[in-house]
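Coordinates from protein.cif are shown below (mmCIF, C-alpha atoms; chains and numbers go by the auth columns).
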data_structure
loop_
_atom_site.group_PDB
_atom_site.id
_atom_site.type_symbol
_atom_site.label_atom_id
_atom_site.label_comp_id
_atom_site.label_asym_id
_atom_site.label_seq_id
_atom_site.Cartn_x
_atom_site.Cartn_y
_atom_site.Cartn_z
_atom_site.B_iso_or_equiv
_atom_site.auth_seq_id
_atom_site.auth_asym_id
ATOM 1 C CA SER A 1 145.584 48.857 148.705 0.00 18 A
ATOM 2 C CA PHE A 2 143.961 46.574 146.150 0.00 19 A
ATOM 3 C CA PRO A 3 140.444 48.032 146.541 0.00 20 A
ATOM 4 C CA VAL A 4 141.781 51.545 145.942 0.00 21 A
ATOM 5 C CA GLN A 5 143.679 50.311 142.889 0.00 22 A
ATOM 6 C CA MET A 6 140.548 48.726 141.453 0.00 23 A
ATOM 7 C CA LEU A 7 138.236 51.631 142.231 0.00 24 A
ATOM 8 C CA GLY A 8 140.787 54.201 141.107 0.00 25 A
ATOM 9 C CA LYS A 9 140.624 52.690 137.643 0.00 26 A
ATOM 10 C CA SER A 10 137.091 54.054 137.461 0.00 27 A
ATOM 11 C CA PHE A 11 138.792 57.397 136.733 0.00 28 A
ATOM 12 C CA LYS A 12 139.640 55.901 133.346 0.00 29 A
ATOM 13 C CA MET A 13 136.547 57.388 131.702 0.00 30 A
ATOM 14 C CA LEU A 14 137.751 61.009 131.925 0.00 31 A
ATOM 15 C CA PRO A 15 141.240 60.345 130.481 0.00 32 A
ATOM 16 C CA VAL A 16 139.670 58.318 127.671 0.00 33 A
ATOM 17 C CA MET A 17 137.304 61.188 126.837 0.00 34 A
ATOM 18 C CA VAL A 18 140.099 63.775 126.923 0.00 35 A
ATOM 19 C CA TRP A 19 142.373 61.614 124.782 0.00 36 A
ATOM 20 C CA GLY A 20 139.467 60.975 122.411 0.00 37 A
ATOM 21 C CA MET A 21 139.086 64.724 121.865 0.00 38 A
ATOM 22 C CA ILE A 22 142.848 65.199 121.393 0.00 39 A
ATOM 23 C CA VAL A 23 143.662 62.138 119.300 0.00 40 A
ATOM 24 C CA ALA A 24 140.452 61.512 117.353 0.00 41 A
ATOM 25 C CA GLY A 25 138.655 64.881 117.538 0.00 42 A
ATOM 26 C CA LYS A 26 135.616 63.331 119.224 0.00 43 A
ATOM 27 C CA ARG A 27 132.734 65.214 120.814 0.00 44 A
ATOM 28 C CA TYR A 28 130.789 63.840 123.762 0.00 45 A
ATOM 29 C CA SER A 29 127.234 64.487 124.962 0.00 46 A
ATOM 30 C CA MET A 30 126.273 66.088 128.257 0.00 47 A
ATOM 31 C CA LEU A 31 125.184 62.653 129.494 0.00 48 A
ATOM 32 C CA ASP A 32 128.668 61.262 128.848 0.00 49 A
ATOM 33 C CA TRP A 33 130.322 64.131 130.730 0.00 50 A
ATOM 34 C CA SER A 34 127.794 63.905 133.575 0.00 51 A
ATOM 35 C CA VAL A 35 128.414 60.179 133.973 0.00 52 A
ATOM 36 C CA ALA A 36 132.191 60.663 133.918 0.00 53 A
ATOM 37 C CA LEU A 37 132.035 63.470 136.507 0.00 54 A
ATOM 38 C CA ALA A 38 129.696 61.476 138.762 0.00 55 A
ATOM 39 C CA VAL A 39 132.035 58.483 138.631 0.00 56 A
ATOM 40 C CA THR A 40 135.012 60.719 139.395 0.00 57 A
ATOM 41 C CA GLY A 41 133.145 62.289 142.323 0.00 58 A
ATOM 42 C CA GLY A 42 132.232 58.894 143.748 0.00 59 A
ATOM 43 C CA VAL A 43 135.822 57.699 143.467 0.00 60 A
ATOM 44 C CA THR A 44 137.078 60.869 145.169 0.00 61 A
ATOM 45 C CA GLU A 45 134.634 60.382 148.033 0.00 62 A
ATOM 46 C CA PHE A 46 135.756 56.791 148.461 0.00 63 A
ATOM 47 C CA LEU A 47 139.408 57.838 148.579 0.00 64 A
ATOM 48 C CA MET A 48 138.881 60.740 150.984 0.00 65 A
ATOM 49 C CA THR A 49 136.456 59.251 153.522 0.00 66 A
ATOM 50 C CA GLY A 50 138.344 56.182 154.710 0.00 67 A
ATOM 51 C CA PRO A 51 141.755 54.583 155.162 0.00 68 A
ATOM 52 C CA ILE A 52 143.411 53.971 151.812 0.00 69 A
ATOM 53 C CA SER A 53 146.959 53.054 152.825 0.00 70 A
ATOM 54 C CA SER A 54 148.124 49.485 152.392 0.00 71 A
ATOM 55 C CA ARG A 55 150.321 47.554 154.812 0.00 72 A
ATOM 56 C CA SER A 56 153.392 48.084 152.652 0.00 73 A
ATOM 57 C CA SER A 57 156.097 50.667 153.330 0.00 74 A
ATOM 58 C CA GLY A 58 155.066 52.893 150.411 0.00 75 A
ATOM 59 C CA SER A 59 153.064 56.060 151.010 0.00 76 A
ATOM 60 C CA SER A 60 149.527 56.699 149.828 0.00 77 A
ATOM 61 C CA ALA A 61 150.661 59.795 147.910 0.00 78 A
ATOM 62 C CA HIS A 62 153.248 57.779 145.989 0.00 79 A
ATOM 63 C CA GLY A 63 150.683 55.109 145.176 0.00 80 A
ATOM 64 C CA LEU A 64 148.148 57.666 143.957 0.00 81 A
ATOM 65 C CA LEU A 65 150.776 59.281 141.704 0.00 82 A
ATOM 66 C CA LEU A 66 151.551 55.884 140.173 0.00 83 A
ATOM 67 C CA LEU A 67 147.817 55.287 139.679 0.00 84 A
ATOM 68 C CA LEU A 68 147.460 58.683 137.963 0.00 85 A
ATOM 69 C CA ALA A 69 150.325 57.881 135.576 0.00 86 A
ATOM 70 C CA PHE A 70 148.707 54.534 134.782 0.00 87 A
ATOM 71 C CA LEU A 71 145.347 56.164 134.024 0.00 88 A
ATOM 72 C CA LEU A 72 146.898 58.714 131.644 0.00 89 A
ATOM 73 C CA LEU A 73 148.851 56.077 129.725 0.00 90 A
ATOM 74 C CA ASP A 74 146.049 53.500 129.746 0.00 91 A
ATOM 75 C CA GLY A 75 143.519 56.073 128.556 0.00 92 A
ATOM 76 C CA PHE A 76 145.778 56.923 125.622 0.00 93 A
ATOM 77 C CA THR A 77 146.279 53.233 124.801 0.00 94 A
ATOM 78 C CA SER A 78 142.623 52.283 124.330 0.00 95 A
ATOM 79 C CA THR A 79 141.865 55.552 122.499 0.00 96 A
ATOM 80 C CA PHE A 80 144.730 55.069 120.049 0.00 97 A
ATOM 81 C CA GLN A 81 143.737 51.439 119.533 0.00 98 A
ATOM 82 C CA GLU A 82 140.283 52.610 118.484 0.00 99 A
ATOM 83 C CA LYS A 83 141.862 55.158 116.122 0.00 100 A
ATOM 84 C CA LEU A 84 144.022 52.464 114.500 0.00 101 A
ATOM 85 C CA PHE A 85 140.955 50.288 113.930 0.00 102 A
ATOM 86 C CA LYS A 86 139.101 53.138 112.206 0.00 103 A
ATOM 87 C CA ASP A 87 141.915 54.837 110.262 0.00 104 A
ATOM 88 C CA HIS A 88 143.858 51.780 109.081 0.00 105 A
ATOM 89 C CA THR A 89 141.209 49.025 109.303 0.00 106 A
ATOM 90 C CA THR A 90 143.639 46.777 111.161 0.00 107 A
ATOM 91 C CA SER A 91 142.447 43.505 112.603 0.00 108 A
ATOM 92 C CA LYS A 92 142.551 42.772 116.331 0.00 109 A
ATOM 93 C CA TYR A 93 145.107 40.030 115.655 0.00 110 A
ATOM 94 C CA ASN A 94 147.500 42.431 113.912 0.00 111 A
ATOM 95 C CA GLN A 95 147.385 44.805 116.853 0.00 112 A
ATOM 96 C CA MET A 96 147.872 41.989 119.349 0.00 113 A
ATOM 97 C CA VAL A 97 150.922 40.627 117.510 0.00 114 A
ATOM 98 C CA TYR A 98 152.734 43.909 116.961 0.00 115 A
ATOM 99 C CA ILE A 99 151.947 45.438 120.353 0.00 116 A
ATOM 100 C CA ASN A 100 153.041 42.307 122.215 0.00 117 A
ATOM 101 C CA LEU A 101 156.209 42.086 120.110 0.00 118 A
ATOM 102 C CA GLY A 102 156.928 45.721 120.910 0.00 119 A
ATOM 103 C CA SER A 103 156.316 45.080 124.604 0.00 120 A
ATOM 104 C CA GLY A 104 158.719 42.140 124.513 0.00 121 A
ATOM 105 C CA VAL A 105 161.453 44.201 122.854 0.00 122 A
ATOM 106 C CA ILE A 106 161.024 47.039 125.364 0.00 123 A
ATOM 107 C CA SER A 107 161.096 44.598 128.301 0.00 124 A
ATOM 108 C CA LEU A 108 164.255 42.941 126.972 0.00 125 A
ATOM 109 C CA ALA A 109 165.929 46.316 126.423 0.00 126 A
ATOM 110 C CA THR A 110 165.008 47.372 129.971 0.00 127 A
ATOM 111 C CA LEU A 111 166.579 44.196 131.407 0.00 128 A
ATOM 112 C CA LEU A 112 169.738 44.720 129.367 0.00 129 A
ATOM 113 C CA VAL A 113 170.111 48.384 130.301 0.00 130 A
ATOM 114 C CA SER A 114 169.477 47.739 134.001 0.00 131 A
ATOM 115 C CA GLY A 115 171.755 44.689 134.049 0.00 132 A
ATOM 116 C CA SER A 116 168.964 42.481 135.376 0.00 133 A
ATOM 117 C CA LEU A 117 168.768 39.962 132.531 0.00 134 A
ATOM 118 C CA GLY A 118 171.202 37.517 134.165 0.00 135 A
ATOM 119 C CA SER A 119 169.432 37.555 137.522 0.00 136 A
ATOM 120 C CA ALA A 120 166.028 37.169 135.810 0.00 137 A
ATOM 121 C CA LEU A 121 167.209 34.087 133.883 0.00 138 A
ATOM 122 C CA GLY A 122 168.859 32.748 137.049 0.00 139 A
ATOM 123 C CA PHE A 123 165.615 33.096 138.969 0.00 140 A
ATOM 124 C CA ALA A 124 163.752 31.161 136.276 0.00 141 A
ATOM 125 C CA GLU A 125 166.426 28.445 136.372 0.00 142 A
ATOM 126 C CA MET A 126 166.207 28.141 140.163 0.00 143 A
ATOM 127 C CA HIS A 127 162.393 28.061 140.152 0.00 144 A
ATOM 128 C CA PRO A 128 161.188 25.949 137.172 0.00 145 A
ATOM 129 C CA ASN A 129 157.559 26.259 138.284 0.00 146 A
ATOM 130 C CA PHE A 130 157.854 29.980 137.659 0.00 147 A
ATOM 131 C CA LEU A 131 157.918 29.371 133.899 0.00 148 A
ATOM 132 C CA VAL A 132 154.718 27.337 134.141 0.00 149 A
ATOM 133 C CA ASP A 133 152.990 30.097 136.127 0.00 150 A
ATOM 134 C CA ALA A 134 154.284 32.751 133.731 0.00 151 A
ATOM 135 C CA GLY A 135 152.979 30.739 130.794 0.00 152 A
ATOM 136 C CA LEU A 136 149.532 30.449 132.388 0.00 153 A
ATOM 137 C CA LEU A 137 149.457 34.187 133.088 0.00 154 A
ATOM 138 C CA SER A 138 150.518 34.914 129.508 0.00 155 A
ATOM 139 C CA ALA A 139 147.754 32.684 128.142 0.00 156 A
ATOM 140 C CA ALA A 140 145.206 34.422 130.366 0.00 157 A
ATOM 141 C CA ALA A 141 146.523 37.831 129.280 0.00 158 A
ATOM 142 C CA VAL A 142 146.187 36.915 125.595 0.00 159 A
ATOM 143 C CA GLY A 143 142.611 35.748 126.167 0.00 160 A
ATOM 144 C CA GLY A 144 141.815 38.995 127.976 0.00 161 A
ATOM 145 C CA GLN A 145 143.404 41.025 125.182 0.00 162 A
ATOM 146 C CA TRP A 146 141.212 39.320 122.606 0.00 163 A
ATOM 147 C CA PHE A 147 138.068 40.419 124.424 0.00 164 A
ATOM 148 C CA ILE A 148 139.487 43.923 125.013 0.00 165 A
ATOM 149 C CA TYR A 149 140.383 44.460 121.362 0.00 166 A
ATOM 150 C CA SER A 150 137.045 43.050 120.264 0.00 167 A
ATOM 151 C CA GLN A 151 135.106 45.489 122.424 0.00 168 A
ATOM 152 C CA VAL A 152 137.263 48.489 121.518 0.00 169 A
ATOM 153 C CA LYS A 153 136.832 47.672 117.818 0.00 170 A
ATOM 154 C CA GLU A 154 133.069 47.098 117.966 0.00 171 A
ATOM 155 C CA PHE A 155 131.953 49.645 120.584 0.00 172 A
ATOM 156 C CA GLY A 156 134.796 52.100 121.215 0.00 173 A
ATOM 157 C CA ALA A 157 137.166 52.972 124.033 0.00 174 A
ATOM 158 C CA LEU A 158 134.604 54.759 126.234 0.00 175 A
ATOM 159 C CA VAL A 159 132.246 51.760 126.367 0.00 176 A
ATOM 160 C CA PHE A 160 135.228 49.557 127.192 0.00 177 A
ATOM 161 C CA ALA A 161 136.223 51.900 130.045 0.00 178 A
ATOM 162 C CA ALA A 162 132.709 51.723 131.488 0.00 179 A
ATOM 163 C CA THR A 163 132.501 47.944 131.085 0.00 180 A
ATOM 164 C CA MET A 164 135.716 47.418 133.047 0.00 181 A
ATOM 165 C CA ASN A 165 133.921 48.707 136.140 0.00 182 A
ATOM 166 C CA VAL A 166 131.792 45.570 136.273 0.00 183 A
ATOM 167 C CA ARG A 167 134.952 43.583 136.897 0.00 184 A
ATOM 168 C CA GLN A 168 136.058 46.155 139.447 0.00 185 A
ATOM 169 C CA VAL A 169 132.827 45.727 141.436 0.00 186 A
ATOM 170 C CA VAL A 170 133.423 42.001 141.760 0.00 187 A
ATOM 171 C CA SER A 171 137.133 42.440 142.515 0.00 188 A
ATOM 172 C CA ILE A 172 136.550 45.027 145.243 0.00 189 A
ATOM 173 C CA LEU A 173 133.810 43.028 146.954 0.00 190 A
ATOM 174 C CA ILE A 174 135.885 39.835 146.884 0.00 191 A
ATOM 175 C CA SER A 175 138.893 41.722 148.272 0.00 192 A
ATOM 176 C CA TYR A 176 136.868 43.121 151.173 0.00 193 A
ATOM 177 C CA ALA A 177 135.402 39.696 151.931 0.00 194 A
ATOM 178 C CA ILE A 178 138.696 37.776 151.819 0.00 195 A
ATOM 179 C CA TYR A 179 141.171 40.246 153.335 0.00 196 A
ATOM 180 C CA GLY A 180 138.837 42.088 155.709 0.00 197 A
ATOM 181 C CA HIS A 181 139.545 45.634 154.470 0.00 198 A
ATOM 182 C CA SER A 182 137.813 48.266 156.565 0.00 199 A
ATOM 183 C CA ILE A 183 135.156 50.405 154.891 0.00 200 A
ATOM 184 C CA THR A 184 133.160 53.404 156.163 0.00 201 A
ATOM 185 C CA ASP A 185 129.551 54.354 155.498 0.00 202 A
ATOM 186 C CA LEU A 186 130.651 57.281 153.312 0.00 203 A
ATOM 187 C CA GLN A 187 132.835 54.932 151.273 0.00 204 A
ATOM 188 C CA VAL A 188 129.789 52.727 150.726 0.00 205 A
ATOM 189 C CA LEU A 189 127.974 55.831 149.484 0.00 206 A
ATOM 190 C CA GLY A 190 130.871 56.560 147.103 0.00 207 A
ATOM 191 C CA LEU A 191 130.687 53.017 145.753 0.00 208 A
ATOM 192 C CA ALA A 192 126.931 53.381 145.257 0.00 209 A
ATOM 193 C CA ILE A 193 127.415 56.655 143.338 0.00 210 A
ATOM 194 C CA VAL A 194 130.092 55.167 141.077 0.00 211 A
ATOM 195 C CA PHE A 195 128.411 51.952 140.096 0.00 212 A
ATOM 196 C CA GLY A 196 124.853 53.300 140.195 0.00 213 A
ATOM 197 C CA THR A 197 125.906 55.941 137.661 0.00 214 A
ATOM 198 C CA LEU A 198 127.545 53.335 135.453 0.00 215 A
ATOM 199 C CA PHE A 199 124.502 51.099 135.516 0.00 216 A
ATOM 200 C CA TYR A 200 122.303 54.112 134.674 0.00 217 A
ATOM 201 C CA LYS A 201 124.568 54.840 131.702 0.00 218 A
ATOM 202 C CA SER A 202 124.217 51.270 130.487 0.00 219 A
ATOM 203 C CA PHE A 203 120.433 51.359 130.927 0.00 220 A
ATOM 204 C CA SER A 204 120.062 54.671 129.048 0.00 221 A
ATOM 205 C CA SER A 205 122.241 53.337 126.215 0.00 222 A
ATOM 206 C CA LEU A 206 119.950 50.317 125.872 0.00 223 A
ATOM 207 C CA LEU A 207 116.907 52.603 125.711 0.00 224 A
ATOM 208 C CA GLN A 208 118.541 54.702 122.991 0.00 225 A
ATOM 209 C CA GLU A 209 119.307 51.592 120.960 0.00 226 A
ATOM 210 C CA GLU A 210 115.683 50.468 121.229 0.00 227 A
ATOM 211 C CA LYS A 211 114.450 53.896 120.086 0.00 228 A
ATOM 212 C CA LYS A 212 116.781 53.808 117.085 0.00 229 A
ATOM 213 C CA ALA A 213 115.512 50.354 116.167 0.00 230 A
ATOM 214 C CA LEU A 214 111.891 51.546 116.348 0.00 231 A
ATOM 215 C CA VAL A 215 112.661 54.604 114.197 0.00 232 A
ATOM 216 C CA LYS A 216 114.205 52.354 111.557 0.00 233 A
ATOM 217 C CA LYS A 217 111.187 50.033 111.553 0.00 234 A
ATOM 218 C CA GLU A 218 108.591 52.799 111.122 0.00 235 A
ATOM 219 C CA PRO A 219 109.701 53.970 107.622 0.00 236 A
ATOM 220 C CA ASN A 220 109.889 50.367 106.452 0.00 237 A
ATOM 221 C CA THR A 221 106.360 49.713 107.737 0.00 238 A
ATOM 222 C CA ALA A 222 105.095 52.829 105.961 0.00 239 A
ATOM 223 C CA LEU A 223 106.724 51.770 102.691 0.00 240 A
ATOM 224 C CA GLU A 224 105.204 48.304 102.948 0.00 241 A
ATOM 225 C CA GLY A 225 101.761 49.829 103.508 0.00 242 A
ATOM 226 C CA THR A 226 102.198 52.090 100.454 0.00 243 A
ATOM 227 C CA SER A 227 103.196 49.133 98.292 0.00 244 A
ATOM 228 C CA ILE A 228 100.164 47.131 99.386 0.00 245 A
ATOM 229 C CA SER A 229 97.757 50.023 98.649 0.00 246 A
ATOM 230 C CA LYS A 230 99.188 50.438 95.150 0.00 247 A
ATOM 231 C CA VAL A 231 98.645 46.773 94.408 0.00 248 A
#

Reformat the file's structure so that it appears as structure tokens.
Amino acid sequence: SFPVQMLGKSFKMLPVMVWGMIVAGKRYSMLDWSVALAVTGGVTEFLMTGPISSRSSGSSAHGLLLLLAFLLLDGFTSTFQEKLFKDHTTSKYNQMVYINLGSGVISLATLLVSGSLGSALGFAEMHPNFLVDAGLLSAAAVGGQWFIYSQVKEFGALVFAATMNVRQVVSILISYAIYGHSITDLQVLGLAIVFGTLFYKSFSSLLQEEKKALVKKEPNTALEGTSISKV
């Protein structure tokens, strides 16, 4: 179901951390690992303490396997994007252009190999409004990519993974309100664990930034006092 898809993406933090160690040789603090494990535990509780199947014919196991594959590939993507920014000092616009061109070539090759190019063009010809909708979605995707690349470049892949959960909170709550998905008390507890942990991580990061700013100001204040006494 859509809520499970959104909440399952909260697992993204662990793949990003593992890929960061493999690809970029990063090391993470105990707080980072604790936050990632708490989020994973909350997601697991949500998945295991309530109905997670959608109304479609697919099975929950098949859907969870697809979600796992997505998390592994998506975790590698944001980590490698961060590595490209640091190692090759590429701009966000360069990455957007070349990655989207590569995606277009792969999509075209897939249509040609599967023999679906003709039917895809025929569908677009039969439904002209489809091209308008596709254009709007493409414009929205490009706008979203700009913000994604900006955050990955400035703050790193792990911060981006945590930030995405804010959107997931809103998406899950809207989905429950509109479509009437059932939710148990234990699932509510799982949600509270996941997003409470993420908000704690954000709050502790803000405190650390304030401490660093104060430490930087103290030496400067001492130097200014020394200069005044000499005069």

Interatomic distance between CA of Gly139 in chain A and CA of Gly119 in chain A? 23.9 Å

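Shortest separation to Leu208 in chain A among A:Gly121, A:Gly132, A:Gly59, A:Gly42 occurs at residue A:Gly59, atoms counted being all atoms listed in the file.
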
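Nearest to Ile165 in chain A of all the residues A:Thr57, A:Gln98, A:Gln204, A:Asn117 is A:Gln98, based on only C-alpha atoms.
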
For Thr61 in chain A, the nearest of the candidates A:Ile195, A:Leu203, A:Met113, A:Val159, counting all atoms listed in the file: A:Leu203

To test the calculation: enclose all listed atoms of range 205-214 of chain A in a box whose edges run along x, y and z, add 8 Å on each side, then state centre and edge lengths in Å to one decimal, as JSON.
{"center_x": 127.9, "center_y": 54.3, "center_z": 144.2, "size_x": 22.0, "size_y": 20.7, "size_z": 29.1}

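Computed from the coordinates, the CA of Leu31 in chain A to CA of Leu223 in chain A distance equals 21.6 Å.
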
Near Val56 in chain A, counting all atoms listed in the file, which residues have an atom at most 7 Å away, once you skip same-chain residues fewer than 2 positions from it, shown as number ranges by chain? A: 27, 52-54, 58-60, 210-211, 214

Range 146-219 of chain A from the block above: C-alpha atoms written as a short mmCIF file (atom, residue, chain, number, x, y, z; two decimals), in the first residue's frame:
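Once everything was written out, this is selection-v9.cif:
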data_model
loop_
_atom_site.label_atom_id
_atom_site.label_comp_id
_atom_site.auth_asym_id
_atom_site.auth_seq_id
_atom_site.Cartn_x
_atom_site.Cartn_y
_atom_site.Cartn_z
CA ASN A 146 -3.45 15.04 -22.91
CA PHE A 147 -0.98 12.40 -21.77
CA LEU A 148 1.90 14.45 -23.21
CA VAL A 149 0.75 17.50 -21.26
CA ASP A 150 0.57 15.49 -18.02
CA ALA A 151 3.95 13.90 -18.72
CA GLY A 152 5.45 17.33 -19.34
CA LEU A 153 4.07 18.63 -16.03
CA LEU A 154 5.44 15.60 -14.18
CA SER A 155 8.82 16.07 -15.85
CA ALA A 156 8.92 19.73 -14.84
CA ALA A 157 8.04 18.80 -11.26
CA ALA A 158 10.70 16.07 -11.27
CA VAL A 159 13.37 18.51 -12.47
CA GLY A 160 12.41 20.98 -9.73
CA GLY A 161 12.60 18.20 -7.14
CA GLN A 162 15.98 17.09 -8.48
CA TRP A 163 17.36 20.60 -8.09
CA PHE A 164 16.52 20.62 -4.39
CA ILE A 165 17.80 17.04 -3.95
CA TYR A 166 21.15 17.76 -5.58
CA SER A 167 21.47 21.00 -3.65
CA GLN A 168 20.99 19.27 -0.32
CA VAL A 169 23.25 16.33 -1.17
CA LYS A 170 25.99 18.75 -2.25
CA GLU A 171 25.70 21.05 0.77
CA PHE A 172 24.86 18.62 3.59
CA GLY A 173 25.50 15.06 2.38
CA ALA A 174 23.47 11.97 1.56
CA LEU A 175 22.63 11.02 5.17
CA VAL A 176 21.04 14.40 5.96
CA PHE A 177 19.06 14.13 2.72
CA ALA A 178 17.83 10.65 3.71
CA ALA A 179 16.64 11.97 7.08
CA THR A 180 15.01 15.05 5.54
CA MET A 181 12.94 12.93 3.15
CA ASN A 182 11.06 11.56 6.16
CA VAL A 183 9.38 14.92 6.70
CA ARG A 184 7.69 14.49 3.34
CA GLN A 185 6.82 10.92 4.24
CA VAL A 186 5.03 12.04 7.42
CA VAL A 187 2.78 14.35 5.43
CA SER A 188 2.22 11.78 2.67
CA ILE A 189 1.28 8.99 5.08
CA LEU A 190 -1.11 11.14 7.09
CA ILE A 191 -2.81 12.46 3.95
CA SER A 192 -3.12 8.92 2.58
CA TYR A 193 -4.77 7.67 5.77
CA ALA A 194 -7.16 10.63 5.81
CA ILE A 195 -8.20 10.40 2.15
CA TYR A 196 -8.28 6.64 1.53
CA GLY A 197 -9.25 5.46 5.01
CA HIS A 198 -6.36 3.01 5.53
CA SER A 199 -6.70 1.05 8.75
CA ILE A 200 -4.05 1.56 11.43
CA THR A 201 -3.48 -0.18 14.78
CA ASP A 202 -2.28 1.27 18.07
CA LEU A 203 1.08 -0.51 17.71
CA GLN A 204 1.49 0.98 14.24
CA VAL A 205 0.92 4.41 15.75
CA LEU A 206 3.67 3.59 18.25
CA GLY A 207 5.97 2.59 15.36
CA LEU A 208 5.27 5.89 13.62
CA ALA A 209 6.02 7.77 16.84
CA ILE A 210 9.35 5.93 17.23
CA VAL A 211 10.39 6.63 13.64
CA PHE A 212 9.61 10.30 13.43
CA GLY A 213 10.37 11.09 17.07
CA THR A 214 13.87 9.69 16.53
CA LEU A 215 14.32 11.73 13.36
CA PHE A 216 13.21 14.93 15.04
CA TYR A 217 15.59 14.20 17.94
CA LYS A 218 18.41 13.78 15.42
CA SER A 219 17.58 17.12 13.85
#
